[in-house]
Amino acid sequence: MEFFINISLLSLLLVTTLGIILSRDLLAVIMLSGIYGFLSASFFVLMDAVDVAFTEAAVGSGISPLLMLLTVALVGRNEKHESGKSIPALVLVTITGALLIIGTLSMPEFGSATAPAQTHVGPHYIEKSGSEIGIPNIVTSVLASYRGFDTFGEVAVVFTAGIGVLSLLMLKSSTVQKPVVTSAHKHKVLRIVSKILIPPILLFALYVQFHGDYGPGGGFQAGVIFAAAIILYTMFFGVDIAQQVVSFAVLRVLAAFGVLLYGSVGLVSMLNGGDFLDYSALAENPITGQHIGIIVIELGVGITVAAIMVMIFYCFASQVNDTGEAGQ
């Protein structure tokens, strides 16, 4: 099994690298990147990392290729060839890849009982999370409770990235008003199919959000899935109609609200006599407090991630629209 996975990953990496090097068509590169993300999600499923597979499938093969497609619409799909510069780049990539492969040779065998991950905090999480946190999904226990500080930092990074994109593009909510004119926007069949697909996608996002304690899922995965549904709606119906459902101003408030909601849980924990993000202080029963804290902070994560993803898409879509109008 391990041999099959290693060979498959190596073959996939080589095919993707050769495709990117040999192709001057940026659209083909984006398609290869999306395929790589989808197959990576499949490998995560084989490795029983379903929570990571959720995120990789939604981001790596979903939202990221869409954002890159919008970027290509701004800069053009064909790469400008500059003679003499491809060989040094190829040499640099080859050396970097060789160093990475050499680095993996000193890693412990897959599933080894003596691996560092199996000899430090890992056993404690596996043996004690049931009694200390009280939820079946150990991944959620680790991310939302044991590593609550780290996850809070990750949410802050997502929020900061969204602010950075808005600042770089120098957009205001009033600039995102007109629809992006595409063939999909006018295609009746795609619009009808999207109306059928979007409600189940939103329901699935809610399921992933509030079922993360008991199965694969959580705020990050649910936020990305929810954002994918809104982005799908935006692609087929236009930014102006999408903003009637979820406006840019509302998204900005939601993006900040999710981070504040997460941080507020820590403040409430301190007011109740516990440490920052110590959910046990939220209720008389520590296990009940853990449940309450995890549900609330995961909701904050989902709200921030979904709002930031949709805002970034709005920004890029409006830039494409403005460029198209300028060209006309």
# chains A, B, ... in the order shown; residues from 1 in each chain; ligands from 1
>>> residues_around(residues="range 298-313 of chain A", least_positions_apart="4", cutoff="7 Å", atoms="only C-alpha atoms", output="list in words")
Leu67, Val155, Val158, Phe159, Gly162, Val165, Gly218, Gly219, Phe220, Ala222, Gly223, Val224, Phe226, Ala227, Ile231, Phe248, Leu251, Leu254, Ala255, Ala256, Gly258, Val259, Leu261, Tyr262, Ile294 and Ala317 of chain A
>>> write_last_selection(atoms="N, CA, C and O atoms", output="CSV table (one decimal), in the first residue's frame")
chain,number,residue,atom,x,y,z
A,67,LEU,N,-9.8,31.0,-8.9
A,67,LEU,CA,-9.1,32.2,-8.8
A,67,LEU,C,-8.0,32.4,-9.8
A,67,LEU,O,-7.7,33.5,-10.3
A,155,VAL,N,-6.9,31.3,11.8
A,155,VAL,CA,-8.1,32.1,11.4
A,155,VAL,C,-7.7,33.5,11.2
A,155,VAL,O,-8.1,34.2,10.3
A,158,VAL,N,-5.9,33.8,7.9
A,158,VAL,CA,-6.9,33.9,6.8
A,158,VAL,C,-7.6,35.2,6.7
A,158,VAL,O,-7.7,35.8,5.6
A,159,PHE,N,-7.9,35.8,7.8
A,159,PHE,CA,-8.5,37.2,7.8
A,159,PHE,C,-7.5,38.2,7.3
A,159,PHE,O,-7.9,39.1,6.5
A,162,GLY,N,-7.2,38.0,3.5
A,162,GLY,CA,-8.3,38.6,2.8
A,162,GLY,C,-8.1,40.2,2.8
A,162,GLY,O,-8.3,40.8,1.8
A,165,VAL,N,-5.5,41.1,0.2
A,165,VAL,CA,-5.9,41.0,-1.2
A,165,VAL,C,-6.8,42.3,-1.5
A,165,VAL,O,-6.6,42.9,-2.5
A,218,GLY,N,-15.6,20.3,10.0
A,218,GLY,CA,-15.3,21.4,10.9
A,218,GLY,C,-15.4,22.7,10.2
A,218,GLY,O,-16.0,22.8,9.1
A,219,GLY,N,-15.0,23.8,10.8
A,219,GLY,CA,-15.2,25.1,10.3
A,219,GLY,C,-14.4,25.4,9.0
A,219,GLY,O,-15.0,26.0,8.1
A,220,PHE,N,-13.2,25.0,8.9
A,220,PHE,CA,-12.4,25.3,7.7
A,220,PHE,C,-13.1,24.6,6.5
A,220,PHE,O,-13.3,25.2,5.4
A,222,ALA,N,-16.2,23.4,6.2
A,222,ALA,CA,-17.5,23.9,5.9
A,222,ALA,C,-17.5,25.3,5.3
A,222,ALA,O,-18.2,25.6,4.4
A,223,GLY,N,-16.5,26.2,5.7
A,223,GLY,CA,-16.4,27.5,5.2
A,223,GLY,C,-16.1,27.5,3.7
A,223,GLY,O,-16.6,28.2,2.9
A,224,VAL,N,-15.1,26.6,3.3
A,224,VAL,CA,-14.7,26.5,1.9
A,224,VAL,C,-15.9,26.0,1.1
A,224,VAL,O,-16.1,26.5,0.0
A,226,PHE,N,-19.1,26.1,1.7
A,226,PHE,CA,-20.1,27.2,1.6
A,226,PHE,C,-19.7,28.3,0.6
A,226,PHE,O,-20.5,28.7,-0.2
A,227,ALA,N,-18.5,28.7,0.7
A,227,ALA,CA,-18.0,29.7,-0.3
A,227,ALA,C,-18.0,29.2,-1.7
A,227,ALA,O,-18.3,29.9,-2.6
A,231,ILE,N,-19.8,31.0,-4.8
A,231,ILE,CA,-19.0,31.3,-6.0
A,231,ILE,C,-19.6,30.7,-7.2
A,231,ILE,O,-19.7,31.3,-8.3
A,248,PHE,N,-21.2,42.7,-0.5
A,248,PHE,CA,-19.8,42.9,-0.1
A,248,PHE,C,-19.6,43.4,1.3
A,248,PHE,O,-18.8,43.0,2.0
A,251,LEU,N,-20.2,40.7,3.8
A,251,LEU,CA,-19.1,39.8,3.9
A,251,LEU,C,-18.0,40.4,4.7
A,251,LEU,O,-17.3,39.7,5.5
A,254,LEU,N,-19.0,39.9,8.3
A,254,LEU,CA,-18.9,38.5,8.7
A,254,LEU,C,-17.5,38.0,8.9
A,254,LEU,O,-17.2,37.2,9.8
A,255,ALA,N,-16.6,38.5,8.0
A,255,ALA,CA,-15.2,38.1,8.1
A,255,ALA,C,-14.6,38.5,9.4
A,255,ALA,O,-13.8,37.7,10.1
A,256,ALA,N,-14.9,39.7,9.9
A,256,ALA,CA,-14.4,40.2,11.2
A,256,ALA,C,-15.1,39.5,12.3
A,256,ALA,O,-14.5,39.2,13.4
A,258,GLY,N,-16.4,36.5,12.5
A,258,GLY,CA,-15.9,35.2,12.8
A,258,GLY,C,-14.7,35.2,13.7
A,258,GLY,O,-14.6,34.4,14.7
A,259,VAL,N,-13.7,36.0,13.4
A,259,VAL,CA,-12.5,36.1,14.3
A,259,VAL,C,-12.8,36.6,15.7
A,259,VAL,O,-12.3,36.1,16.7
A,261,LEU,N,-15.7,36.3,17.2
A,261,LEU,CA,-16.4,35.2,17.9
A,261,LEU,C,-15.5,34.2,18.5
A,261,LEU,O,-15.7,33.7,19.6
A,262,TYR,N,-14.5,33.8,17.7
A,262,TYR,CA,-13.4,32.9,18.2
A,262,TYR,C,-12.8,33.5,19.4
A,262,TYR,O,-12.6,32.8,20.5
A,294,ILE,N,-16.1,24.3,21.4
A,294,ILE,CA,-15.7,23.8,20.1
A,294,ILE,C,-16.8,24.2,19.1
A,294,ILE,O,-16.4,24.6,18.0
A,317,ALA,N,-13.3,38.9,-9.7
A,317,ALA,CA,-14.3,39.0,-10.7
A,317,ALA,C,-14.6,40.4,-11.2
A,317,ALA,O,-14.8,40.6,-12.4
>>> residues_around(residues="range 190-204 of chain A", least_positions_apart="2", cutoff="6 Å", atoms="only C-alpha atoms", output="JSON, numbers by chain")
{"A": [187, 188, 206, 207, 226, 229, 236]}
>>> closest_residue(among="A:Tyr314, A:Phe210, A:Tyr279, A:Tyr233", to="Ala249 in chain A", atoms="only C-alpha atoms")
A:Tyr314
>>> closest_residue(among="A:Ile95, A:Glu132, A:Met31, A:Leu74", to="Asn285 in chain A", atoms="only C-alpha atoms")
A:Glu132
>>> residues_around(residues="Gly217 in chain A", least_positions_apart="2", cutoff="6 Å", atoms="only C-alpha atoms", output="PyMOL selection string")
chain A and resi 51+208+212+221
>>> atom_distance(atom1="CA of Ser131 in chain A", atom2="CA of Gln290 in chain A")
11.0 Å
>>> closest_residue(among="A:Val268, A:Val245, A:Ile230, A:Met68", to="Phe316 in chain A", atoms="only C-alpha atoms")
A:Met68
>>> atom_distance(atom1="CA of Gly293 in chain A", atom2="CA of Phe54 in chain A")
22.7 Å
>>> select_by_dssp(residues="range 26-154 of chain A", states="alpha helix (DSSP H)", output="number ranges by chain")
A: 26-46, 50-55, 64-75, 86-105, 116-119, 121-132, 138-141, 148-154
>>> closest_residue(among="A:Val45, A:Ile287, A:Leu277, A:Ile295", to="Gly130 in chain A", atoms="only C-alpha atoms")
A:Ile287
>>> closest_residue(among="A:Ile63, A:Thr71, A:Tyr214, A:Ser145", to="Gly34 in chain A", atoms="only C-alpha atoms")
A:Ile63
